[in-house]
Structures are given as structure tokens and as C-alpha cells.
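K.L.:
Structure file structure_21.txt (compact mmCIF, C-alpha atoms) is given on the next line.
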```txt
# COMPACT_ATOMS: atom_id res chain seq x y z
CA MET A 1 63.13 132.05 -22.93
CA LYS A 2 62.45 135.66 -23.92
CA LEU A 3 64.84 138.10 -22.26
CA SER A 4 63.65 141.46 -21.07
CA GLY A 5 65.61 144.71 -21.10
CA TYR A 6 66.63 144.48 -17.47
CA ILE A 7 68.22 141.76 -15.39
CA ILE A 8 69.30 141.35 -11.79
CA LEU A 9 72.82 140.65 -10.67
CA SER A 10 73.06 139.39 -7.11
CA SER A 11 75.38 137.30 -4.96
CA VAL A 12 74.38 134.32 -2.87
CA LEU A 13 76.72 134.43 0.10
CA MET A 14 77.82 131.02 1.33
CA LEU A 15 79.74 130.09 4.46
CA ALA A 16 83.51 130.55 4.74
CA GLY A 17 85.93 131.45 2.02
CA SER A 18 83.42 133.94 0.62
CA CYS A 19 81.72 131.35 -1.49
CA VAL A 20 79.79 133.34 -4.07
CA THR A 21 77.29 132.15 -6.67
CA LYS A 22 75.92 134.77 -9.06
CA PHE A 23 72.48 134.53 -10.61
CA ILE A 24 70.66 136.80 -13.04
CA PRO A 25 66.84 136.78 -12.96
CA GLU A 26 64.65 138.33 -15.67
CA VAL A 27 62.58 141.40 -14.75
CA ASN A 28 60.34 143.97 -16.39
CA GLU A 29 62.25 146.64 -18.33
CA ALA A 30 60.68 149.50 -16.39
CA GLN A 31 61.50 148.04 -12.99
CA GLU A 32 64.53 148.41 -10.78
CA LEU A 33 64.23 145.82 -8.06
CA LEU A 34 65.88 145.37 -4.70
CA VAL A 35 68.14 142.32 -4.44
CA VAL A 36 69.07 140.94 -1.02
CA GLU A 37 71.21 137.86 -0.43
CA GLY A 38 72.83 136.53 2.69
CA LEU A 39 73.34 133.64 5.05
CA ILE A 40 73.72 133.52 8.82
CA THR A 41 74.95 130.39 10.59
CA ASP A 42 75.93 129.02 13.97
CA GLN A 43 79.62 129.18 13.06
CA PRO A 44 82.10 131.72 14.49
CA GLY A 45 83.08 134.68 12.34
CA VAL A 46 81.19 137.34 10.43
CA ASN A 47 77.93 136.83 8.57
CA THR A 48 77.43 138.78 5.35
CA ILE A 49 74.42 140.39 3.71
CA LYS A 50 74.70 141.97 0.24
CA ILE A 51 72.19 144.54 -0.95
CA SER A 52 72.03 145.68 -4.57
CA LYS A 53 69.60 146.62 -7.33
CA SER A 54 68.82 145.54 -10.85
CA VAL A 55 71.06 146.47 -13.77
CA PRO A 56 70.47 146.84 -17.53
CA LEU A 57 71.02 143.79 -19.72
CA ASP A 58 74.19 145.21 -21.24
CA GLN A 59 75.63 145.53 -17.71
CA ARG A 60 74.77 142.00 -16.61
CA TYR A 61 78.09 141.45 -14.83
CA THR A 62 77.99 144.80 -13.03
CA PHE A 63 77.20 144.81 -9.31
CA LYS A 64 75.15 147.92 -8.39
CA PRO A 65 75.33 148.08 -4.59
CA LEU A 66 72.99 150.02 -2.35
CA ARG A 67 75.04 152.06 0.10
CA LYS A 68 74.35 153.48 3.55
CA CYS A 69 71.47 151.14 4.32
CA ASP A 70 70.51 150.50 7.92
CA VAL A 71 70.75 146.73 8.27
CA ALA A 72 70.01 144.69 11.39
CA ILE A 73 69.15 141.17 12.47
CA SER A 74 66.66 140.53 15.25
CA ASP A 75 65.82 137.29 17.05
CA ASP A 76 62.88 135.92 19.01
CA ALA A 77 64.77 136.47 22.29
CA GLY A 78 64.43 140.25 21.85
CA ASN A 79 68.00 140.89 20.67
CA LEU A 80 68.85 143.30 17.87
CA TYR A 81 72.21 143.20 16.08
CA ASP A 82 73.29 146.04 13.79
CA LEU A 83 75.42 145.25 10.75
CA THR A 84 78.31 147.39 9.51
CA GLU A 85 78.89 148.32 5.86
CA THR A 86 82.46 147.19 5.12
CA SER A 87 82.31 147.95 1.40
CA ASP A 88 79.65 149.31 -0.93
CA GLY A 89 76.53 147.20 -0.49
CA THR A 90 78.21 144.65 1.78
CA TYR A 91 77.07 144.49 5.41
CA VAL A 92 78.54 142.23 8.09
CA THR A 93 77.79 141.23 11.66
CA ASP A 94 80.16 141.84 14.56
CA SER A 95 81.80 138.45 15.19
CA ALA A 96 82.30 139.35 18.86
CA GLN A 97 78.60 140.13 19.35
CA PHE A 98 76.66 137.82 17.07
CA ARG A 99 76.63 134.09 16.43
CA GLY A 100 73.56 132.15 15.39
CA VAL A 101 71.92 129.79 17.87
CA VAL A 102 70.08 126.64 16.82
CA GLY A 103 66.37 126.86 17.63
CA ARG A 104 66.11 130.65 17.52
CA ARG A 105 64.20 132.54 14.85
CA TYR A 106 65.92 135.39 13.02
CA GLN A 107 64.59 138.24 10.93
CA LEU A 108 66.49 140.56 8.62
CA ARG A 109 65.57 144.28 8.74
CA ILE A 110 66.66 146.78 6.08
CA LYS A 111 66.07 150.48 5.68
CA VAL A 112 67.21 151.71 2.27
CA ASN A 113 68.81 155.18 2.39
CA ASP A 114 70.59 155.18 -0.96
CA VAL A 115 69.37 158.16 -3.03
CA SER A 116 69.86 156.12 -6.21
CA PHE A 117 66.99 153.85 -5.16
CA SER A 118 63.51 154.52 -3.80
CA PHE A 119 63.57 154.74 -0.02
CA GLY A 120 61.81 151.98 1.87
CA SER A 121 61.86 149.57 4.80
CA TYR A 122 62.09 145.84 4.26
CA GLU A 123 61.94 142.69 6.36
CA SER A 124 62.40 138.99 5.85
CA ASN A 125 60.06 136.37 7.14
CA PRO A 126 61.22 135.05 10.53
CA MET A 127 63.52 132.08 9.87
CA GLU A 128 64.32 129.35 12.37
CA MET A 129 67.92 128.18 12.61
CA LYS A 130 67.48 124.45 12.25
CA ALA A 131 69.97 121.90 13.54
CA VAL A 132 71.85 119.93 10.89
CA PRO A 133 73.37 116.49 11.43
CA PRO A 134 77.03 115.68 10.71
CA ILE A 135 78.05 114.49 7.25
CA ASP A 136 78.63 110.75 7.53
CA SER A 137 81.25 110.59 4.79
CA VAL A 138 82.53 112.15 1.59
CA TYR A 139 84.29 109.67 -0.70
CA PHE A 140 85.26 109.14 -4.34
CA GLU A 141 85.38 106.53 -7.08
CA LYS A 142 87.53 106.42 -10.19
CA VAL A 143 85.51 106.54 -13.40
CA SER A 144 86.89 105.03 -16.62
CA LEU A 145 86.46 107.50 -19.46
CA LYS A 146 88.46 105.59 -22.09
CA VAL A 147 89.97 102.10 -21.93
CA PHE A 148 92.59 100.21 -23.87
CA SER A 149 91.62 97.07 -25.81
CA ASN A 150 92.68 94.95 -22.84
CA GLY A 151 90.25 96.81 -20.56
CA VAL A 152 92.87 98.85 -18.71
CA PRO A 153 91.72 102.46 -18.17
CA LYS A 154 93.34 104.91 -20.58
CA GLU A 155 91.66 107.96 -19.11
CA GLU A 156 89.99 108.34 -15.73
CA GLY A 157 87.83 110.90 -13.98
CA CYS A 158 86.78 111.20 -10.36
CA GLN A 159 83.22 111.06 -8.99
CA ILE A 160 82.80 112.40 -5.46
CA TYR A 161 79.85 111.20 -3.38
CA LEU A 162 78.30 112.12 -0.04
CA ASP A 163 76.42 110.14 2.62
CA THR A 164 74.47 111.69 5.49
CA HIS A 165 71.51 110.97 7.72
CA ASP A 166 69.58 112.48 10.62
CA PRO A 167 68.99 109.92 13.38
CA GLU A 168 66.49 112.28 15.03
CA GLY A 169 64.40 112.54 11.87
CA LYS A 170 64.15 116.33 12.01
CA CYS A 171 66.22 117.37 8.99
CA LYS A 172 64.20 116.79 5.83
CA PHE A 173 65.78 119.31 3.45
CA PHE A 174 69.53 119.48 2.78
CA ARG A 175 71.81 121.82 0.83
CA TRP A 176 75.55 121.50 0.23
CA THR A 177 78.28 123.86 -0.88
CA PHE A 178 81.95 123.06 -1.24
CA THR A 179 85.40 124.57 -1.69
CA GLU A 180 88.01 122.79 -3.79
CA THR A 181 91.72 123.27 -3.14
CA TRP A 182 94.53 121.67 -5.09
CA GLN A 183 98.29 121.86 -5.48
CA ILE A 184 99.80 123.22 -8.68
CA ASN A 185 103.19 121.78 -9.67
CA LEU A 186 104.81 123.40 -12.70
CA PRO A 187 106.87 120.95 -14.77
CA TYR A 188 109.80 123.40 -14.70
CA ILE A 189 112.22 124.35 -11.93
CA THR A 190 111.51 128.03 -11.29
CA PRO A 191 111.39 130.18 -8.13
CA LYS A 192 107.57 129.90 -8.15
CA ASN A 193 106.77 126.40 -9.35
CA VAL A 194 104.59 125.13 -6.47
CA CYS A 195 101.30 126.86 -5.59
CA TRP A 196 97.86 126.17 -4.18
CA THR A 197 94.58 127.41 -5.57
CA SER A 198 90.95 127.22 -4.42
CA GLU A 199 87.54 127.49 -6.07
CA ASN A 200 84.11 127.77 -4.48
CA SER A 201 81.17 125.82 -5.86
CA ASP A 202 78.71 127.56 -8.17
CA LEU A 203 76.39 124.53 -8.28
CA ILE A 204 73.07 124.11 -6.50
CA LYS A 205 73.28 120.83 -4.58
CA ILE A 206 70.09 120.00 -2.69
CA LYS A 207 68.16 116.92 -1.61
CA THR A 208 65.00 116.16 0.35
CA THR A 209 64.13 113.03 2.32
CA ASN A 210 60.55 114.21 2.83
CA SER A 211 59.09 111.47 0.65
CA ILE A 212 60.96 108.54 2.18
CA SER A 213 60.62 106.84 5.56
CA GLU A 214 64.18 107.54 6.77
CA ASP A 215 66.14 110.80 6.79
CA ARG A 216 69.08 109.28 4.95
CA VAL A 217 71.00 110.38 1.85
CA SER A 218 73.30 107.76 0.34
CA GLY A 219 75.62 108.08 -2.63
CA TYR A 220 74.66 111.66 -3.45
CA PRO A 221 76.75 112.75 -6.51
CA LEU A 222 78.40 115.88 -5.19
CA LEU A 223 80.94 116.59 -7.93
CA PHE A 224 82.54 115.00 -10.99
CA ILE A 225 86.14 115.96 -11.86
CA SER A 226 87.19 115.28 -15.43
CA ASN A 227 90.72 114.67 -16.66
CA ASN A 228 90.80 118.07 -18.41
CA THR A 229 92.15 119.75 -15.28
CA ASP A 230 95.20 119.43 -13.04
CA ARG A 231 93.09 119.21 -9.87
CA LEU A 232 94.01 115.57 -9.31
CA GLU A 233 97.59 115.74 -10.55
CA THR A 234 99.26 116.02 -7.13
CA LYS A 235 96.98 116.49 -4.13
CA TYR A 236 93.39 117.63 -3.92
CA SER A 237 91.02 118.66 -1.11
CA ILE A 238 87.29 119.30 -1.04
CA LEU A 239 85.64 120.92 1.98
CA THR A 240 81.91 120.18 1.96
CA ARG A 241 79.41 122.16 4.06
CA GLN A 242 75.96 120.85 4.91
CA TYR A 243 72.94 123.06 5.64
CA SER A 244 69.44 122.30 6.92
CA LEU A 245 66.69 124.14 5.02
CA SER A 246 63.09 125.01 5.64
CA GLU A 247 60.61 123.72 3.07
CA ASP A 248 60.17 127.25 1.66
CA GLU A 249 63.90 127.71 1.13
CA PHE A 250 64.22 124.24 -0.38
CA ASP A 251 61.50 125.22 -2.85
CA TYR A 252 63.39 128.43 -3.64
CA TRP A 253 66.63 126.55 -4.40
CA SER A 254 64.73 123.86 -6.33
CA ARG A 255 63.29 126.41 -8.73
CA LEU A 256 66.68 128.09 -9.17
CA LYS A 257 68.28 124.71 -9.80
CA SER A 258 65.70 123.71 -12.38
CA ILE A 259 66.08 126.90 -14.39
CA SER A 260 69.86 127.18 -14.05
CA GLU A 261 70.27 123.62 -15.35
CA GLU A 262 67.97 124.42 -18.26
CA ASN A 263 70.03 127.49 -19.18
CA GLY A 264 73.50 126.22 -18.32
CA SER A 265 74.43 127.67 -14.94
CA LEU A 266 73.55 130.32 -12.37
CA TYR A 267 75.50 132.80 -14.49
CA ASP A 268 72.69 132.78 -17.04
CA VAL A 269 69.36 134.59 -17.02
CA ILE A 270 66.82 133.36 -14.47
CA PRO A 271 63.19 134.56 -14.18
CA ALA A 272 62.50 137.06 -11.45
CA SER A 273 59.26 135.23 -10.73
CA ILE A 274 61.21 133.13 -8.23
CA ASN A 275 60.09 134.82 -5.04
CA GLY A 276 62.24 134.95 -1.93
CA ASN A 277 61.36 135.66 1.69
CA ILE A 278 61.88 139.44 1.82
CA TYR A 279 59.15 142.08 1.45
CA ASN A 280 58.52 145.82 1.66
CA ILE A 281 56.81 146.62 4.97
CA ASP A 282 54.67 149.37 3.44
CA ASP A 283 54.07 147.74 0.06
CA PRO A 284 53.84 143.93 0.26
CA TYR A 285 53.17 143.80 -3.49
CA GLU A 286 56.61 145.18 -4.34
CA GLN A 287 58.78 142.45 -5.77
CA VAL A 288 62.02 141.84 -3.87
CA LEU A 289 64.54 139.26 -5.05
CA GLY A 290 66.86 137.03 -3.08
CA PHE A 291 66.66 134.99 0.08
CA PHE A 292 67.71 135.52 3.68
CA SER A 293 69.05 132.09 4.67
CA VAL A 294 69.44 130.83 8.23
CA SER A 295 71.05 127.48 8.98
CA ALA A 296 73.37 125.55 11.23
CA VAL A 297 76.38 124.09 9.40
CA THR A 298 78.44 120.93 9.57
CA SER A 299 81.43 120.18 7.36
CA ASN A 300 83.68 117.39 6.12
CA ARG A 301 87.03 117.56 4.33
CA LEU A 302 88.22 114.89 1.90
CA PHE A 303 91.77 114.62 0.59
CA ILE A 304 92.60 112.79 -2.64
CA GLU A 305 96.19 111.90 -3.44
CA GLU A 306 96.09 109.18 -6.07
CA SER A 307 97.07 108.75 -9.70
CA PHE A 308 94.39 109.04 -12.36
CA ALA A 309 95.09 107.74 -15.87
CA GLY A 310 95.29 110.17 -18.76
CA GLN A 311 95.47 113.47 -16.90
CA LYS A 312 95.95 116.33 -19.36
CA ASN A 313 99.21 118.30 -19.40
CA LEU A 314 98.19 121.95 -19.13
CA TYR A 315 101.72 123.12 -19.96
CA ASP A 316 102.43 121.34 -23.24
CA ASP A 317 102.26 124.68 -25.07
CA CYS A 318 105.15 126.13 -23.04
CA VAL A 319 108.40 126.67 -25.00
CA THR A 320 111.92 126.10 -23.69
CA ASP A 321 115.18 127.16 -25.33
CA THR A 322 118.85 127.78 -24.57
CA SER A 323 120.55 131.19 -24.52
CA TYR A 324 124.31 131.60 -24.87
CA MET A 325 124.42 135.32 -24.08
CA MET A 326 127.11 136.14 -21.53
CA ILE A 327 124.94 138.03 -19.01
CA ALA A 328 121.53 136.70 -18.14
CA ASP A 329 120.12 140.18 -17.45
CA SER A 330 120.85 141.22 -21.04
CA ILE A 331 118.52 138.64 -22.57
CA PRO A 332 115.78 140.63 -24.36
CA GLY A 333 112.43 140.34 -22.57
CA ILE A 334 113.88 138.70 -19.48
CA ASN A 335 111.27 138.38 -16.69
CA GLN A 336 108.61 139.77 -19.03
CA ASP A 337 108.33 137.39 -21.97
CA ILE A 338 111.25 135.11 -21.10
CA TRP A 339 112.13 133.45 -17.78
CA LEU A 340 115.25 131.66 -16.61
CA LEU A 341 114.91 128.10 -15.44
CA MET A 342 116.91 127.13 -12.34
CA ARG A 343 119.02 124.41 -13.92
CA PHE A 344 122.31 126.07 -14.72
CA ASP A 345 124.78 128.36 -12.97
CA TYR A 346 123.41 131.88 -13.47
CA SER A 347 126.93 133.32 -13.54
CA MET A 348 127.84 131.67 -16.84
CA PRO A 349 125.96 130.70 -20.00
CA PRO A 350 124.32 128.66 -21.36
CA TYR A 351 120.97 129.56 -19.77
CA LEU A 352 117.90 127.43 -20.09
CA ILE A 353 115.00 129.77 -20.74
CA LEU A 354 111.22 129.52 -20.92
CA SER A 355 109.17 131.75 -23.20
CA ARG A 356 105.64 132.58 -24.33
CA TYR A 357 103.45 132.46 -21.19
CA ARG A 358 104.06 133.70 -17.66
CA ARG A 359 101.90 130.88 -16.30
CA CYS A 360 104.54 128.43 -17.54
CA ALA A 361 107.12 129.89 -15.16
CA ASP A 362 105.07 131.52 -12.41
CA CYS A 363 102.34 129.51 -10.69
CA THR A 364 101.09 132.60 -8.82
CA THR A 365 99.20 133.49 -12.01
CA ARG A 366 96.78 130.79 -10.84
CA GLY A 367 97.30 130.54 -7.10
CA THR A 368 99.41 131.38 -4.08
CA ILE A 369 102.76 130.09 -2.83
CA VAL A 370 101.38 130.07 0.73
CA GLU A 371 100.52 126.53 1.74
CA PRO A 372 97.01 126.24 3.27
CA ALA A 373 97.00 125.70 7.03
CA PHE A 374 94.98 122.49 6.62
CA TRP A 375 97.08 121.00 3.83
CA LYS A 376 98.80 118.38 5.96
CA ASP A 377 95.80 117.58 8.16
CA ASP A 378 95.43 114.17 6.53
CA GLU A 379 98.99 113.28 7.55
CA ASP A 380 98.35 113.52 11.30
```
What's the C-alpha cells form of this structure?
P.N.:
Amino acid sequence: MKLSGYIILSSVLMLAGSCVTKFIPEVNEAQELLVVEGLITDQPGVNTIKISKSVPLDQRYTFKPLRKCDVAISDDAGNLYDLTETSDGTYVTDSAQFRGVVGRRYQLRIKVNDVSFSFGSYESNPMEMKAVPPIDSVYFEKVSLKVFSNGVPKEEGCQIYLDTHDPEGKCKFFRWTFTETWQINLPYITPKNVCWTSENSDLIKIKTTNSISEDRVSGYPLLFISNNTDRLETKYSILTRQYSLSEDEFDYWSRLKSISEENGSLYDVIPASINGNIYNIDDPYEQVLGFFSVSAVTSNRLFIEESFAGQKNLYDDCVTDTSYMMIADSIPGINQDIWLLMRFDYSMPPYLILSRYRRCADCTTRGTIVEPAFWKDDED
């Protein structure tokens, strides 16, 4: 694919946890296009719209927000909801005033006032908030990656699947996003050796039942987890969210998925020819990128707490040693390049020490020591 001199950097806002997936479409070098991305749902809380503009190729990871825009959402019941700019280019609804309602049609309205961009008024096509059925189940299977001569697995991965269906036959187009959370256990006794970390999906997971007689999805491969991570070492959770799409939005995601898989991921260059549902009121021929998504949401959380063969040790490059200096505080580089392990009496040597990498002694380099509120939900 030939790359032009300009690209777009925009953020597809997912539900909860600020799930963000970046994509970079190709555009004409002389253009500077408006990029609008956002999602409104029937869930409580704020809904977010991000407004930005194209950036040069050498700034591909730079977000160029459009500030001081007038942003509102209207519905077919005659209501108008103004959004507030909470940070540059980020506009949110008032959670006390707005919450999406299944069956209503919503339209995004934008007036650009940023002097760095040409002034203009934009709208999205009216989008109906479609109902979405519950997720039937999210489950996993162990996958043998390598086996011993006797057939016993030497290394194992984890394939996560999803089942869902719509008994009313109204939901024909599905999309899923997910948030992974797992516990980090350092192999050393330190003040910060247990943490939790989370990652939001950057994959496009979609499926249509339009060509089959029943609105049922069975055994959809949601995610594969290899043994090159510590996700499955202790305890793992995946929160999956299910959305109901219109046919136009499904087509939008399908084209993004096709090109992102061809190039590697959504972080690569994607053609700007993928049209969204937003247009300039006064100039319908102006190209605007992004999509204003409207959907009800259902969710399902799966916990995994099992042993998987051959999990990699991410800390085998950490170095331990013993110091016989009389005062621990006098050890050169203490708490900067060297950390004390909590195995001996700190008042007297010897001291067991850990050197080289902070991540070996401090799990907050990868996560937080605050246990998630849902972490013990599977124990009820």
C-alpha cells in the first residue's frame, strides 16, 4: 500500500474503562480532515466523543485535538443534550442528564470553533439504539502448544470462546470488546510484590447472522492467550461487552477489520476511503472520518484460575545477591538500582538484595497494588 504524506490519528471510544483503539487512515497530502469518534450506550455514566484532525506522517502518534467545539446529541423525542469539554478535544455527556434509551434515534451535532481548523457545522446520520441480547456464555479451552513424547502437554495456551443468540431474531450484527485483568505475583518478597493490571482490547471482533436462519453465534473465538505472558499465572479475568450494530456500522467495522488484519493491527495505516456516518452540513462532499456509534450493551465476566503448562518466567533475568554492609541505607544505589528483599532482619546484615530492574522488585511498574472491586466476585 502506498502511503501518502498525511495520516489520521483518531480514537475509537469503547464502553467502560476508557477502552481505546487507535487507527490511522491514509489521506491526501494537501488535506487536513476532521476525525470524530465516539460511542453512546444505554449504560449509566458518561459517554465520550473525541474530535481531532489529521496529522503529518512523521507525527503519526500525535493526537491533534479540536478545542472549544460546540457538541450536542439530539434524539427523536425532541431532546437536546450538550456535551462538556473535559480535556482538549474530549467531550462528555452529563451522566445525571443523559442515558441512552433503546429504540430512540440519536444524532451527533458538532460546530467547530477551533481557529486551527476551518470552521464548519457537522452532523451524523440519525442512529437507532438497538437492543442487544445477553451473552449466553464466555468460556475457555486449554490448547496444547508442545507435548512430550508420551503426549502430555509441555506448553499450553488458552483459547477463549463466546456463545450468544437473539431469541427475538432482531439482532443480526454483533460487535464485542473486552477488558483483561490479571494478578501479578513477583517471585520475590518485597513491599510491592502483588499487583493487578488491566488492558483493553485493540482487536475488531464482529460477526453477522444475517445469512443464516437463526440469530445464534456459537464458539466465536474471542481471544487466544499464549504462554509468553503471565496473564494466566495466578488469576485472570476477562470482561466482554456485546453491542448490536446497524448494517452500515457493521460494514464500517468489516472494512477496518479487513485492512487492519492485512497490515498488522489498527495501529497501522488504514485508507481514509472508509467512510463513516458524519458529514458537513454545508458541504456534503467534504470527507469526514470516524463513526458515531449508538448501541445498547450487555456484558459477561469470566474468571480463569487454573494451571497452564509451560508458562514463561518473566523474571528470570532478575539478579539477586547478598550484602554484608553494616547499614542497609549505605548500600550504593539502594532503592534506585538495588532493592532489599524482605527475608532478613533489616537491623543486621547480611541483606538479600535484588538488582538490575525495578520491575523485579516493584510490581507497580506494571500495575496497581489496589485490588479490583470485582476480583473476588467469583468466590461468592
K.L.:
Which one of A:Leu352, A:Leu186, A:Leu33, A:Ile274 sits closest to Lys53 (chain A) if you count only C-alpha atoms?
P.N.:
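Residue with the minimum atom-to-atom distance to Lys53 (chain A): A:Leu33.
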K.L.:
Between A:Ala361, A:Ile259, A:Ile225, A:Val132, which one has atoms that come closest to Glu156 (chain A), using only C-alpha atoms?
P.N.:
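Closest residue, counting only C-alpha atoms: A:Ile225.
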K.L.:
Tell me, as a ChimeraX atom specification, which residues lie within 12 Å of Thr41 (chain A), counting all atoms listed in the file; anything in the same chain fewer than 5 positions away does not count.
P.N.:
/A:13-16,46-48,93,95,98-106,127-132,241-245,292-298
K.L.:
Save out the residues we just selected, C-alpha atoms, as a JSON list (two decimals), in the frame of the given file.
P.N.:
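Okay, this is what ended up in part.json:
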```json
[["chain", "number", "residue", "atom", "x", "y", "z"],
["A", 13, "LEU", "CA", 76.72, 134.43, 0.10],
["A", 14, "MET", "CA", 77.82, 131.02, 1.33],
["A", 15, "LEU", "CA", 79.74, 130.09, 4.46],
["A", 16, "ALA", "CA", 83.51, 130.55, 4.74],
["A", 46, "VAL", "CA", 81.19, 137.34, 10.43],
["A", 47, "ASN", "CA", 77.93, 136.83, 8.57],
["A", 48, "THR", "CA", 77.43, 138.78, 5.35],
["A", 93, "THR", "CA", 77.79, 141.23, 11.66],
["A", 95, "SER", "CA", 81.80, 138.45, 15.19],
["A", 98, "PHE", "CA", 76.66, 137.82, 17.07],
["A", 99, "ARG", "CA", 76.63, 134.09, 16.43],
["A", 100, "GLY", "CA", 73.56, 132.15, 15.39],
["A", 101, "VAL", "CA", 71.92, 129.79, 17.87],
["A", 102, "VAL", "CA", 70.08, 126.64, 16.82],
["A", 103, "GLY", "CA", 66.37, 126.86, 17.63],
["A", 104, "ARG", "CA", 66.11, 130.65, 17.52],
["A", 105, "ARG", "CA", 64.20, 132.54, 14.85],
["A", 106, "TYR", "CA", 65.92, 135.39, 13.02],
["A", 127, "MET", "CA", 63.52, 132.08, 9.87],
["A", 128, "GLU", "CA", 64.32, 129.35, 12.37],
["A", 129, "MET", "CA", 67.92, 128.18, 12.61],
["A", 130, "LYS", "CA", 67.48, 124.45, 12.25],
["A", 131, "ALA", "CA", 69.97, 121.90, 13.54],
["A", 132, "VAL", "CA", 71.85, 119.93, 10.89],
["A", 241, "ARG", "CA", 79.41, 122.16, 4.06],
["A", 242, "GLN", "CA", 75.96, 120.85, 4.91],
["A", 243, "TYR", "CA", 72.94, 123.06, 5.64],
["A", 244, "SER", "CA", 69.44, 122.30, 6.92],
["A", 245, "LEU", "CA", 66.69, 124.14, 5.02],
["A", 292, "PHE", "CA", 67.71, 135.52, 3.68],
["A", 293, "SER", "CA", 69.05, 132.09, 4.67],
["A", 294, "VAL", "CA", 69.44, 130.83, 8.23],
["A", 295, "SER", "CA", 71.05, 127.48, 8.98],
["A", 296, "ALA", "CA", 73.37, 125.55, 11.23],
["A", 297, "VAL", "CA", 76.38, 124.09, 9.40],
["A", 298, "THR", "CA", 78.44, 120.93, 9.57]]
```
K.L.:
By how many Å are CA of Val92 (chain A) and CA of Thr240 (chain A) apart?
P.N.:
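Value for the CA of Val92 (chain A)-CA of Thr240 (chain A) distance: 23.1 Å.
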K.L.:
So which one's closest to Thr364 (chain A), A:Asn277, A:Ser226, A:Thr190, A:Ser254? Using only C-alpha atoms, please.
P.N.:
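Closest to Thr364 (chain A) of all the choices is A:Thr190.
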K.L.:
Output, as lines of an AutoDock Vina configuration file, the centre and edge lengths in Å (one decimal) of the axis-aligned box that contains all listed atoms of region 84-91 of chain A with 6 Å of margin on each side.
P.N.:
```
center_x = 79.5
center_y = 146.9
center_z = 4.3
size_x = 17.9
size_y = 16.8
size_z = 22.4
```
K.L.:
In Å, rounded to a single decimal, give me how far CA of Gly219 (chain A) is from CA of Asp163 (chain A).
P.N.:
5.7 Å
K.L.:
Suppose you want the space between CA of Val370 (chain A) and CA of Asp317 (chain A); what is it in Å?
P.N.:
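So the answer is 26.4 Å.
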K.L.:
Restricting the calculation to only C-alpha atoms: of A:Ser87, A:Asn227, A:Gln183, A:Ser116, which residue gets closest to Phe308 (chain A)?
P.N.:
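That would be A:Asn227, the residue with the smallest distance to Phe308 (chain A).
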K.L.:
Just checking: using all atoms listed in the file, which residue out of A:Ile238, A:Thr164, A:Ile184, A:Asp329 ends up closest to Glu199 (chain A)?
P.N.:
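Counting all atoms listed in the file, the residue closest to Glu199 (chain A) is A:Ile238.
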K.L.:
Using only C-alpha atoms, can you tell me which of A:Val71, A:Ile304, A:Ala96, A:Ile334 comes closest to Tyr139 (chain A)?
P.N.:
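Looking at the shortest contact to Tyr139 (chain A), the residue is A:Ile304.
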K.L.:
Would you pick out the contacts of Phe224 (chain A) at 12 Å or less, using only C-alpha atoms, so that residues sharing its chain but fewer than 4 positions from it are not included, and give the list as a list in words?
P.N.:
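Counting only the stated atoms, we get Tyr139, Phe140, Glu141, Lys142, Val143, Leu145, Glu156, Gly157, Cys158, Gln159, Ile160, Tyr161, Glu180, Leu203, Tyr220, Asn228, Thr229, Arg231, Leu232 and Ile238 of chain A.
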